[in-house]
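Novice: A single structure is presented below for examination.
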Amino acid sequence: MEIQNIPWEAISAKLKNCAGPDELKQIQEWLDHAPENGMILSEISHVWSITKGKPEFYQPDLTYNWNKLVKKINPNPVRKISAAFYLRWIAAAAILVMVFLAGLGTGDYFREKPTAVTFSRVFAPKGNKTQIVLPDSSKVWLNSGAELWYPSNYTALNREVWMKGECYFQVEEDPSHPLVVHGTKLKVKVYGTSFNIKEDEIADLSNVTLVSGKVEVMNLQSSKIAELVPGQQFMYRKGLGEVHAAENLEALTSWVNNILIFKNQPFDEVISYLNGWYGVNINFERNLFNHHKYTFKVKTESLREVLELITIITPIHYEIEGDQITIKYKQKM
């Protein structure tokens with residue numbers, strides 16, 4: 001018996017009633033690949049229906065469950081199943097438990113999440129952006145590489161989410177029931193607002209930019225450290241925070257409309273944005289730092305077209321190998 005390429009993420013989405021057309025197509029193609037796959041999907045669905053409501057982390061008896069599964073799939077005791085296949089299913093069972101029972105985020109800063117609820121995870125792959133509408137009709141845009149978690153008990157009266165990366169929120173107004181956004185360094189209490197929150201783990205930098213409405217910025221202990229009015233930005237770096245007027249507010253939030261705007265920004269900042277925008281890794285010589293500033297707009301241009309634009313402004317040479325790009329000063333003839 002050979003069972004390959006089980007689409008775990010697609011099955012997870014289907015069981016949570018949030019699978020899209022591509023995920024449903026992936027599951028159907030997997031079912032058509034082998035008749036045994038239908039029985040496996042049925043068993044996974046059965047395990048999910050039993051375990052999804054458990055209030056605590058649950059460690060199943062893998063040997064018992066394996067034997068039970070084998071009897072369902074292969075009732076003939078004479079037929080043998082390879083040890084490699086057995087090991088794959090032990091690993092698969094462990095993955096199933098981790099995904100469906102342990103939750104979807106396990107970093108230290110998620111330790112305050114209640115264990116009695118499950119969490120839905122939204123992820124924007126590198127070089128892509130995505131949008132989600134929360135159960136209270138609030139909208140969230142996720143920039144490249146960003147992640148968002150919200151609990152199964154999220155309602156208009158109980159609004160709380162967790163995020164990493166960069167997200168733009170348009171929150172339904174309800175002063176009596178503010179939305180709380182948990183980041184890795186900060187929390188934001190939102191009353192009915194449009195704002196952008198960005199956390200850069202590499203630079204150890206977090207900022208909250210308010211477009212409209214009102215927000216309170218708190219530390220991870222829920223102590224208020226700032227209150228913003230539209231057009232202000234709170235910047236938090238290495239344990240220190242300050243409020244100032246947001247420069248180039250349009251540029252800070254234009255990514256929501258698939259536009260990237262640079263206004264007199266240094267080379268290293270431009271490269272940092274391009275890395276996330278196109279999902280690549282750009283390496284460049286240190287002597288390019290802060291020596292040049294750029295003002296231009298990116299909308300539908302390819303990465304190569306943007307690099308060609310930069311070569312007009314700066315004497316550079318670039319090489320592209322897959323998702324790895326190297327930029328050097330152009331050698332003088």
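Letters for chains follow the order of the structure tokens (A, B, ...), residue numbers begin at 1 for each chain, and ligand numbers begin at 1 in the order shown.
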Which polymer residues have any atom within 6 Å of an atom of Lys198 (chain A), counting only C-alpha atoms, with same-chain residues fewer than 6 positions away left out, as a PyMOL selection string?

Specialist: chain A and resi 165-166+206-207

Novice: Write the residues of the preceding selection, restricted to C-alpha atoms, as a short mmCIF file (atom, residue, chain, number, x, y, z; two decimals), in the first residue's frame.

Specialist:
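Output saved as out.cif:
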data_model
loop_
_atom_site.label_atom_id
_atom_site.label_comp_id
_atom_site.auth_asym_id
_atom_site.auth_seq_id
_atom_site.Cartn_x
_atom_site.Cartn_y
_atom_site.Cartn_z
CA GLY A 165 4.83 40.96 10.47
CA GLU A 166 2.86 43.84 8.92
CA SER A 206 7.79 47.97 15.82
CA ASN A 207 5.59 50.83 14.72
#

Novice: Run DSSP on the backbone and grab whatever in region 222-271 of chain A lands in alpha helix (DSSP H); send it over as a list of chain:residue names.

Specialist: A:Leu249, A:Glu250, A:Ala251, A:Leu252, A:Thr253, A:Phe267, A:Asp268, A:Glu269, A:Val270, A:Ile271

Novice: Could the residues in this selection be written to a file with N, CA and C atoms, as a compact mmCIF listing (two decimals), in the first residue's frame?

Specialist:
# COMPACT_ATOMS: atom_id res chain seq x y z
N LEU A 249 2.52 59.38 5.05
CA LEU A 249 1.46 58.46 5.48
C LEU A 249 0.96 57.62 4.31
N GLU A 250 0.84 58.23 3.15
CA GLU A 250 0.39 57.49 1.97
C GLU A 250 1.36 56.36 1.65
N ALA A 251 2.66 56.64 1.74
CA ALA A 251 3.66 55.63 1.43
C ALA A 251 3.63 54.48 2.42
N LEU A 252 3.32 54.79 3.69
CA LEU A 252 3.32 53.76 4.72
C LEU A 252 2.20 52.75 4.55
N THR A 253 1.09 53.18 3.94
CA THR A 253 -0.08 52.30 3.85
C THR A 253 -0.45 51.95 2.41
N PHE A 267 18.97 53.71 0.48
CA PHE A 267 19.09 52.47 -0.29
C PHE A 267 18.71 51.25 0.52
N ASP A 268 19.18 51.16 1.77
CA ASP A 268 18.93 49.96 2.56
C ASP A 268 17.45 49.80 2.87
N GLU A 269 16.70 50.91 3.07
CA GLU A 269 15.27 50.81 3.31
C GLU A 269 14.54 50.34 2.06
N VAL A 270 14.96 50.86 0.91
CA VAL A 270 14.36 50.44 -0.35
C VAL A 270 14.55 48.94 -0.55
N ILE A 271 15.76 48.45 -0.30
CA ILE A 271 16.05 47.02 -0.48
C ILE A 271 15.24 46.18 0.49

Novice: What's the 8 Å shell around Trp141 (chain A), counting only C-alpha atoms, without same-chain residues fewer than 2 positions away, as a ChimeraX atom specification?

Specialist: /A:129-132,139,143,167-169,256

Novice: Excluding Ile202 (chain A) and residues on its chain fewer than 6 positions from it, collect all residues at most 12 Å away from it, counting only C-alpha atoms, and give them as a list in words.

Specialist: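 Contacts, in chain order: Gly165, Arg237, Lys238 and Ser272 of chain A.
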
Novice: Would you please extract all strand (DSSP E or B) residues from region 130-317 of chain A, as assigned by DSSP on the backbone, and give them as a CSV table (one decimal) with C-alpha atoms, in the first residue's frame?

Specialist:
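Just written: result.csv:
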chain,number,residue,atom,x,y,z
A,130,THR,CA,-3.8,38.6,1.5
A,131,GLN,CA,-7.0,39.9,3.1
A,132,ILE,CA,-9.4,38.4,5.7
A,133,VAL,CA,-12.8,39.6,7.0
A,139,LYS,CA,-11.0,43.7,7.7
A,140,VAL,CA,-7.3,42.9,7.9
A,141,TRP,CA,-4.7,43.0,5.1
A,142,LEU,CA,-1.6,40.9,5.6
A,147,GLU,CA,0.6,36.0,10.0
A,148,LEU,CA,-2.6,36.5,11.9
A,149,TRP,CA,-4.4,34.2,14.5
A,150,TYR,CA,-7.9,34.6,15.8
A,151,PRO,CA,-9.7,32.3,18.2
A,155,THR,CA,-17.3,37.6,18.3
A,158,ASN,CA,-15.0,39.4,22.3
A,160,GLU,CA,-8.9,39.7,20.1
A,161,VAL,CA,-6.3,38.7,17.6
A,162,TRP,CA,-2.5,37.9,17.4
A,163,MET,CA,-0.2,38.9,14.6
A,164,LYS,CA,3.4,38.9,13.3
A,166,GLU,CA,2.9,43.8,8.9
A,167,CYS,CA,-0.9,44.1,8.9
A,168,TYR,CA,-3.4,46.9,8.1
A,169,PHE,CA,-6.7,46.9,10.0
A,170,GLN,CA,-10.1,48.5,9.3
A,179,LEU,CA,-10.4,45.0,19.5
A,180,VAL,CA,-7.1,44.1,21.0
A,181,VAL,CA,-4.2,43.2,18.7
A,182,HIS,CA,-1.4,41.3,20.2
A,187,LYS,CA,-0.5,45.4,22.1
A,188,VAL,CA,-2.9,47.8,20.5
A,189,LYS,CA,-6.4,48.5,21.7
A,190,VAL,CA,-8.7,49.6,18.9
A,194,SER,CA,-7.9,52.3,10.3
A,195,PHE,CA,-4.3,51.7,11.2
A,196,ASN,CA,-1.1,49.9,10.2
A,197,ILE,CA,1.1,47.9,12.5
A,198,LYS,CA,4.5,46.6,11.4
A,199,GLU,CA,7.0,44.5,13.4
A,200,ASP,CA,10.5,43.9,12.0
A,205,LEU,CA,11.6,47.6,15.4
A,206,SER,CA,7.8,48.0,15.8
A,207,ASN,CA,5.6,50.8,14.7
A,208,VAL,CA,1.9,51.6,14.8
A,209,THR,CA,0.6,54.2,12.3
A,210,LEU,CA,-2.9,55.6,12.8
A,211,VAL,CA,-4.9,56.7,9.7
A,212,SER,CA,-8.3,57.3,11.3
A,215,VAL,CA,-5.9,53.5,19.3
A,216,GLU,CA,-4.1,53.0,22.6
A,217,VAL,CA,-0.7,51.3,22.5
A,218,MET,CA,0.2,49.1,25.4
A,224,LYS,CA,-0.9,52.0,28.4
A,225,ILE,CA,2.2,53.7,26.9
A,226,ALA,CA,0.7,55.9,24.2
A,227,GLU,CA,-2.5,57.2,22.6
A,228,LEU,CA,-2.5,58.1,19.0
A,232,GLN,CA,0.6,59.9,14.3
A,233,GLN,CA,3.0,57.0,14.5
A,234,PHE,CA,4.3,55.2,17.6
A,235,MET,CA,7.8,53.8,17.1
A,236,TYR,CA,9.2,51.2,19.5
A,237,ARG,CA,12.8,50.0,19.3
A,240,LEU,CA,12.2,52.6,23.9
A,241,GLY,CA,9.1,54.2,22.4
A,242,GLU,CA,8.2,57.6,21.0
A,243,VAL,CA,5.2,59.3,19.2
A,244,HIS,CA,5.8,61.5,16.2
A,245,ALA,CA,4.0,62.7,13.1
A,260,LEU,CA,4.9,50.7,-3.1
A,261,ILE,CA,5.9,54.3,-2.7
A,262,PHE,CA,9.4,55.6,-1.9
A,263,LYS,CA,10.0,59.2,-1.0
A,264,ASN,CA,13.6,60.2,-0.4
A,265,GLN,CA,14.4,56.9,1.3
A,266,PRO,CA,17.9,55.5,1.7
A,281,ASN,CA,16.8,38.0,-0.8
A,282,ILE,CA,18.8,40.9,-2.0
A,283,ASN,CA,22.5,41.2,-0.9
A,284,PHE,CA,24.4,44.3,-1.6
A,293,LYS,CA,18.1,58.2,-1.6
A,294,TYR,CA,15.3,57.2,-3.9
A,295,THR,CA,11.9,58.6,-4.8
A,296,PHE,CA,9.7,56.4,-7.1
A,297,LYS,CA,6.6,54.3,-7.2
A,298,VAL,CA,6.2,50.5,-7.8
A,316,ILE,CA,25.1,49.4,-9.9
A,317,HIS,CA,25.3,45.9,-11.5

Novice: One decimal, in Å: what's the spacing between CA of Gln221 (chain A) and CA of Lys185 (chain A)?

Specialist: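 Here the two named atoms are 10.2 Å from each other.
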
Novice: Have a look at CA of Glu285 (chain A) and CA of Tyr329 (chain A) and let me know their distance in Å, one decimal.

Specialist: 7.5 Å

Novice: To one decimal in Å, tell me the separation between CA of Asn258 (chain A) and CA of Ile312 (chain A).

Specialist: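 Atom-to-atom, CA of Asn258 (chain A) to CA of Ile312 (chain A), that is 23.7 Å.
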
Novice: Hey, which of A:Pro7, A:Gly276, A:Pro125, A:Gly231 ends up closest to Ile40 (chain A)? Count only C-alpha atoms.

Specialist: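 Under the stated criterion, the closest residue is A:Pro7.
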